[in-house]
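Remarks on the structure that follows.
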Amino acid sequence: LRMTISLLQQAGMQIKILDGEDSLQLIVPAFQVSNLAELNNELDVSSAFSLCAAAVVNGQARITNWSMSSVQPDKAFLVAFRKMNIHFEINGNDLKIAKHNTWNSLEADLQNSPDLFPVLAVLCALGKGESKLY
C-alpha cells in the first residue's frame with residue numbers, strides 16, 4: 001500500500017494519510033490528473049525473493065533496480081538469508097546471489113512479510129537443521 005501511495009504521489013496526486021493505531025485512512029480528492037508521462041516504481045521484492053531463492057538452490061541471479069530503501073516489508077528476506085548463512089552481494093542497485101551447497105536453519109516471525117512464507121519454507125526444507133517459521 002505504501003508503495004502505491006508513493007507512486008501516486010510521484011504522479012502528482014494529492015493524498016492525505018491519517019495513521020491510526022490499527023488503521024490507515026487515505027483521503028484522495030476526486031478528479032486528479034497525473035502530471036507525469038512516465039513513472040518509475042521499485043521492483044516487487046517478493047518476486048525478486050523467489051528468483052533469489054531459486055538461485056540459492058541451483059543457479060545465479062542478478063536483480064537490477066534493487067533499492068535498500070524499499071518500503072516493502074518483504075525485503076526482510078535479506079535478514080533471513082544472513083541468518084541462514086546465505087551470502088549475497090549488493091553493489092549499488094544490483095543484488096547478486098549464486099548457488100550455495102548448504103545453508104543453515106532459520107527461526108523467523110513472518111507476520112509482517114507473509115508472502116515470503118511458501119518459498120522460504122521450501123528453502124528451509126532443503127537446508128540443514130530444523131527451521132521454525134511463524
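Chain labels follow the order of the C-alpha cells: the first chain is A, the next B, and so on; residue numbering restarts at 1 in every chain, and ligands are counted from 1 in their shown order.
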
Nearby residues (only C-alpha atoms) at most 7 Å from region 77-93 of chain A, same-chain spacing under 5 positions excluded, as a short mmCIF file (atom, residue, chain, number, x, y, z; two decimals) with N, CA, C and O atoms, in the first residue's frame:
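As a result, part-v5.cif now contains:
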```cif
data_model
loop_
_atom_site.label_atom_id
_atom_site.label_comp_id
_atom_site.auth_asym_id
_atom_site.auth_seq_id
_atom_site.Cartn_x
_atom_site.Cartn_y
_atom_site.Cartn_z
N PHE A 49 12.61 -12.12 -4.43
CA PHE A 49 12.99 -13.15 -3.47
C PHE A 49 12.86 -14.54 -4.06
O PHE A 49 13.74 -15.39 -3.87
N THR A 64 18.39 -6.24 -10.84
CA THR A 64 18.74 -4.83 -11.06
C THR A 64 17.61 -3.96 -10.52
O THR A 64 16.53 -4.43 -10.23
N ASN A 65 17.89 -2.71 -10.36
CA ASN A 65 16.92 -1.75 -9.82
C ASN A 65 16.58 -2.09 -8.36
O ASN A 65 15.48 -1.85 -7.89
N TRP A 66 17.54 -2.68 -7.64
CA TRP A 66 17.36 -3.01 -6.24
C TRP A 66 17.48 -1.74 -5.41
O TRP A 66 18.33 -0.90 -5.67
N SER A 67 16.64 -1.61 -4.41
CA SER A 67 16.68 -0.43 -3.55
C SER A 67 16.68 -0.86 -2.08
O SER A 67 15.73 -1.49 -1.62
N TRP A 103 23.05 -24.41 3.64
CA TRP A 103 22.66 -23.23 4.39
C TRP A 103 22.01 -23.69 5.69
O TRP A 103 21.56 -24.82 5.81
N ASN A 104 21.98 -22.78 6.64
CA ASN A 104 21.52 -23.11 7.98
C ASN A 104 20.01 -23.03 8.10
O ASN A 104 19.33 -22.46 7.25
N SER A 105 19.52 -23.57 9.20
CA SER A 105 18.09 -23.48 9.52
C SER A 105 17.76 -22.04 9.92
O SER A 105 18.66 -21.20 10.08
N LEU A 106 16.50 -21.78 10.11
CA LEU A 106 16.03 -20.43 10.40
C LEU A 106 14.85 -20.47 11.34
O LEU A 106 13.96 -21.32 11.20
#
```

Contacts of Gln32 (chain A) within 9 Å, only C-alpha atoms, excl. fewer than 2 positions in-chain, as a PyMOL selection string: chain A and resi 12-14+28-30+34

Please give the complete set of residues from region 8-64 of chain A that DSSP, run on the backbone, assigns to helix (DSSP H, G or I), formatted as an NGL selection string. :A and (8-10 or 45-58)

Shell around Leu116 (chain A) at 8 Å using only C-alpha atoms, local window under 2 positions removed, as a count of residues only: 10

Coordinates-based distance that separates CA of Ala108 (chain A) from CA of Gly129 (chain A) (Å, one decimal):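 Straight-line distance from CA of Gly129 (chain A) to CA of Ala108 (chain A) works out to 14.1 Å.
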